[in-house]
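Note: the block below is target.cif and it holds mmCIF, C-alpha atoms.
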```
data_start
#
loop_
_atom_site.group_PDB
_atom_site.id
_atom_site.type_symbol
_atom_site.label_atom_id
_atom_site.label_comp_id
_atom_site.auth_asym_id
_atom_site.auth_seq_id
_atom_site.Cartn_x
_atom_site.Cartn_y
_atom_site.Cartn_z
ATOM 1 C CA LYS A 1415 105.000 124.265 98.530
ATOM 2 C CA ARG A 1416 105.171 120.484 98.580
ATOM 3 C CA THR A 1417 107.187 118.171 100.770
ATOM 4 C CA ILE A 1418 109.506 115.649 99.099
ATOM 5 C CA GLY A 1419 106.942 112.910 99.737
ATOM 6 C CA GLU A 1420 104.183 114.981 98.142
ATOM 7 C CA LEU A 1421 106.448 115.779 95.202
ATOM 8 C CA VAL A 1422 107.079 112.075 94.567
ATOM 9 C CA ALA A 1423 103.445 111.074 95.107
ATOM 10 C CA THR A 1424 102.041 113.738 92.761
ATOM 11 C CA ALA A 1425 104.767 113.910 90.091
ATOM 12 C CA LYS A 1426 103.652 114.057 86.451
ATOM 13 C CA GLY A 1427 105.334 114.518 83.093
ATOM 14 C CA ASP A 1428 108.946 115.695 83.108
ATOM 15 C CA GLU A 1429 108.928 115.927 86.899
ATOM 16 C CA ARG A 1430 108.056 112.223 87.130
ATOM 17 C CA THR A 1431 110.816 111.320 84.683
ATOM 18 C CA GLU A 1432 113.420 113.208 86.737
ATOM 19 C CA ILE A 1433 112.300 111.514 89.947
ATOM 20 C CA ARG A 1434 112.339 108.063 88.292
ATOM 21 C CA HIS A 1435 116.017 108.515 87.466
ATOM 22 C CA ALA A 1436 116.959 109.883 90.884
ATOM 23 C CA LEU A 1437 114.976 107.647 93.257
ATOM 24 C CA LEU A 1438 117.068 104.689 94.451
ATOM 25 C CA GLY A 1439 114.852 103.348 97.201
ATOM 26 C CA ALA A 1440 111.643 103.849 99.135
ATOM 27 C CA ASP A 1441 110.224 102.625 102.414
ATOM 28 C CA VAL A 1442 106.430 102.588 102.441
ATOM 29 C CA ASN A 1443 103.481 101.649 104.582
ATOM 30 C CA VAL A 1444 101.395 99.706 102.083
ATOM 31 C CA VAL A 1445 97.628 100.112 102.064
ATOM 32 C CA ASP A 1446 96.876 96.683 103.557
ATOM 33 C CA GLY A 1447 98.629 97.879 106.733
ATOM 34 C CA GLN A 1448 100.189 94.494 107.496
ATOM 35 C CA ALA A 1449 103.829 95.585 107.552
ATOM 36 C CA PRO A 1450 106.090 98.268 106.124
ATOM 37 C CA ALA A 1451 107.797 97.417 102.834
ATOM 38 C CA GLN A 1452 111.135 98.447 101.366
ATOM 39 C CA PHE A 1453 111.787 98.803 97.642
ATOM 40 C CA GLY A 1454 115.160 99.506 96.050
ATOM 41 C CA GLY A 1455 118.197 100.334 98.104
ATOM 42 C CA GLU A 1456 121.015 102.729 98.806
ATOM 43 C CA ASN A 1457 123.190 101.755 95.878
ATOM 44 C CA MET A 1458 122.980 102.428 92.158
ATOM 45 C CA LYS A 1459 122.582 98.807 91.053
ATOM 46 C CA ASP A 1460 119.113 97.326 91.363
ATOM 47 C CA VAL A 1461 118.323 93.639 91.179
ATOM 48 C CA ALA A 1462 116.749 92.252 88.033
ATOM 49 C CA GLY A 1463 112.973 92.179 88.076
ATOM 50 C CA TYR A 1464 110.207 94.672 88.694
ATOM 51 C CA ASP A 1465 111.099 98.174 89.807
ATOM 52 C CA THR A 1466 108.191 98.391 92.232
ATOM 53 C CA LYS A 1467 109.195 101.713 93.762
ATOM 54 C CA ARG A 1468 108.242 103.414 90.489
ATOM 55 C CA LEU A 1469 104.585 102.590 91.174
ATOM 56 C CA PHE A 1470 104.670 105.110 93.987
ATOM 57 C CA ILE A 1471 105.958 107.958 91.783
ATOM 58 C CA GLY A 1472 102.824 109.830 90.776
ATOM 59 C CA GLY A 1473 100.621 107.217 92.466
ATOM 60 C CA GLN A 1474 99.076 109.837 94.775
ATOM 61 C CA GLY A 1475 99.213 107.461 97.732
ATOM 62 C CA ALA A 1476 97.036 104.797 96.091
ATOM 63 C CA PHE A 1477 99.511 102.020 96.950
ATOM 64 C CA GLY A 1478 100.641 103.311 100.343
ATOM 65 C CA ALA A 1479 102.316 106.119 102.241
ATOM 66 C CA LEU A 1480 105.946 106.980 101.558
ATOM 67 C CA THR A 1481 107.922 107.028 104.807
ATOM 68 C CA ASN A 1482 111.563 107.160 103.694
ATOM 69 C CA LEU A 1483 113.094 107.997 100.307
ATOM 70 C CA ILE A 1484 116.655 107.497 99.070
ATOM 71 C CA PHE A 1485 117.832 109.665 96.188
ATOM 72 C CA LYS A 1486 120.894 109.690 93.984
ATOM 73 C CA ILE A 1487 122.679 113.046 94.230
ATOM 74 C CA THR A 1488 124.119 114.569 91.075
ATOM 75 C CA VAL A 1489 126.024 117.782 90.497
ATOM 76 C CA LYS A 1490 125.324 119.768 87.376
ATOM 77 C CA ASP A 1491 128.056 121.977 85.985
ATOM 78 C CA GLU A 1492 126.808 125.470 85.308
ATOM 79 C CA PRO A 1493 128.582 127.832 82.925
ATOM 80 C CA PRO A 1494 130.417 130.666 84.702
ATOM 81 C CA GLN A 1495 128.465 133.892 84.928
ATOM 82 C CA ALA A 1496 130.029 137.086 83.660
#
```

Take the structure in this file and express it as structure tokens.
Amino acid sequence: KRTIGELVATAKGDERTEIRHALLGADVNVVDGQAPAQFGGENMKDVAGYDTKRLFIGGQGAFGALTNLIFKITVKDEPPQA
């Protein structure tokens, strides 16, 4: 089993697409080690420009270590079971 951080770092295909839509923000320790960085935020609206946090989805830690992730929570309606 993978942790959430491992899931994000190793996501491919449909899994990566789902995470891209759900991930609102990420705190990372970038590889240069100078200072932690924060991408995105806790709200749905993102500022215009590059969506840098998406580099870390499936990046396998090449750009830095994920330390904190913020996800959008959705509820899916399931049909009632008989």

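Using all atoms listed in the file, the nearest neighbour of Val1445 (chain A) within the list A:Ala1479, A:Val1489, A:Ile1484, A:Ala1496 is A:Ala1479.
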
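Picture a line from CA of Phe1477 (chain A) to CA of Asp1428 (chain A); it runs 21.6 Å.
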
Discussion item. Which residue is closest to Phe1453 (chain A)? Choose from A:Asn1482, A:Ala1436, A:Gly1427, A:Gly1473 and count all atoms listed in the file.
Written reply: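 Looking only at the distances to Phe1453 (chain A), the closest residue turns out to be A:Asn1482.
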
Worksheet item: Which is closer to Leu1480 (chain A) than all the others in A:Val1442, A:Ala1449, A:Val1422, A:Ile1433, using all atoms listed in the file?
Response: A:Val1442

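For the set A:Ala1425, A:Ile1471, A:Ile1487, A:Leu1438, the residue with the smallest atom-to-atom gap to Gln1452 (chain A) is A:Leu1438, counting only C-alpha atoms.
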
Item to complete: Figure out the distance between CA of Tyr1464 (chain A) and CA of Ala1423 (chain A), please, to one decimal in Å.
Response: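 CA of Tyr1464 (chain A) lies at a distance of 18.9 Å from CA of Ala1423 (chain A).
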
Worksheet item: In Å to one decimal, how far is CA of Thr1431 (chain A) from CA of Thr1488 (chain A)?
Response: 15.1 Å

Generate a file for region 1416-1428 of chain A, containing all heavy atoms, as a tab-separated table (two decimals), in the first residue's frame.
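Below is the file selection_7.tsv, written as the result:
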```
chain	number	residue	atom	x	y	z
A	1416	ARG	N	0.35	2.30	-0.63
A	1416	ARG	CA	1.09	3.55	-0.73
A	1416	ARG	C	0.49	4.60	0.19
A	1416	ARG	O	-0.70	4.61	0.44
A	1416	ARG	CB	1.04	4.08	-2.17
A	1416	ARG	CG	1.68	3.17	-3.18
A	1416	ARG	CD	1.62	3.77	-4.56
A	1416	ARG	NE	0.26	3.67	-5.09
A	1416	ARG	CZ	-0.11	4.13	-6.27
A	1416	ARG	NH1	0.75	4.74	-7.04
A	1416	ARG	NH2	-1.33	4.00	-6.69
A	1417	THR	N	1.35	5.50	0.65
A	1417	THR	CA	0.86	6.65	1.40
A	1417	THR	C	0.28	7.64	0.39
A	1417	THR	O	0.48	7.51	-0.83
A	1417	THR	CB	1.99	7.34	2.18
A	1417	THR	OG1	2.94	7.88	1.25
A	1417	THR	CG2	2.68	6.37	3.13
A	1418	ILE	N	-0.40	8.67	0.88
A	1418	ILE	CA	-0.95	9.69	-0.01
A	1418	ILE	C	0.19	10.37	-0.78
A	1418	ILE	O	0.08	10.62	-1.99
A	1418	ILE	CB	-1.76	10.74	0.79
A	1418	ILE	CG1	-3.01	10.11	1.39
A	1418	ILE	CG2	-2.12	11.93	-0.07
A	1418	ILE	CD1	-4.05	9.69	0.38
A	1419	GLY	N	1.27	10.67	-0.12
A	1419	GLY	CA	2.41	11.30	-0.79
A	1419	GLY	C	2.97	10.43	-1.90
A	1419	GLY	O	3.30	10.90	-2.98
A	1420	GLU	N	3.10	9.13	-1.63
A	1420	GLU	CA	3.58	8.20	-2.64
A	1420	GLU	C	2.60	8.09	-3.80
A	1420	GLU	O	3.01	8.01	-4.97
A	1420	GLU	CB	3.82	6.82	-2.04
A	1420	GLU	CG	4.98	6.76	-1.08
A	1420	GLU	CD	5.05	5.46	-0.29
A	1420	GLU	OE1	4.02	4.79	-0.12
A	1420	GLU	OE2	6.15	5.12	0.14
A	1421	LEU	N	1.31	8.09	-3.48
A	1421	LEU	CA	0.28	8.04	-4.52
A	1421	LEU	C	0.41	9.23	-5.47
A	1421	LEU	O	0.40	9.07	-6.69
A	1421	LEU	CB	-1.11	8.02	-3.88
A	1421	LEU	CG	-2.29	8.07	-4.83
A	1421	LEU	CD1	-2.41	6.75	-5.58
A	1421	LEU	CD2	-3.57	8.37	-4.07
A	1422	VAL	N	0.57	10.43	-4.91
A	1422	VAL	CA	0.70	11.63	-5.73
A	1422	VAL	C	2.01	11.58	-6.53
A	1422	VAL	O	2.02	11.86	-7.72
A	1422	VAL	CB	0.63	12.91	-4.87
A	1422	VAL	CG1	0.96	14.14	-5.67
A	1422	VAL	CG2	-0.76	13.04	-4.24
A	1423	ALA	N	3.09	11.21	-5.89
A	1423	ALA	CA	4.40	11.23	-6.54
A	1423	ALA	C	4.53	10.18	-7.65
A	1423	ALA	O	5.31	10.37	-8.58
A	1423	ALA	CB	5.50	11.02	-5.51
A	1424	THR	N	3.77	9.10	-7.57
A	1424	THR	CA	3.92	8.02	-8.56
A	1424	THR	C	2.71	7.86	-9.46
A	1424	THR	O	2.66	6.90	-10.24
A	1424	THR	CB	4.19	6.67	-7.85
A	1424	THR	OG1	3.09	6.36	-6.99
A	1424	THR	CG2	5.48	6.73	-7.04
A	1425	ALA	N	1.76	8.76	-9.40
A	1425	ALA	CA	0.52	8.64	-10.18
A	1425	ALA	C	0.78	8.67	-11.68
A	1425	ALA	O	1.60	9.44	-12.17
A	1425	ALA	CB	-0.44	9.77	-9.80
A	1426	LYS	N	0.05	7.80	-12.40
A	1426	LYS	CA	0.14	7.73	-13.86
A	1426	LYS	C	-1.25	7.52	-14.42
A	1426	LYS	O	-2.14	7.00	-13.75
A	1426	LYS	CB	1.03	6.57	-14.28
A	1426	LYS	CG	2.47	6.74	-13.90
A	1426	LYS	CD	3.28	5.55	-14.35
A	1426	LYS	CE	4.71	5.77	-13.93
A	1426	LYS	NZ	5.46	4.58	-13.75
A	1427	GLY	N	-1.44	7.90	-15.66
A	1427	GLY	CA	-2.69	7.63	-16.37
A	1427	GLY	C	-3.90	8.24	-15.72
A	1427	GLY	O	-3.90	9.41	-15.33
A	1428	ASP	N	-4.97	7.44	-15.60
A	1428	ASP	CA	-6.22	7.92	-15.01
A	1428	ASP	C	-6.05	8.38	-13.57
A	1428	ASP	O	-6.69	9.32	-13.13
A	1428	ASP	CB	-7.30	6.83	-15.08
A	1428	ASP	CG	-7.77	6.57	-16.50
A	1428	ASP	OD1	-7.61	7.47	-17.35
A	1428	ASP	OD2	-8.30	5.47	-16.75
```
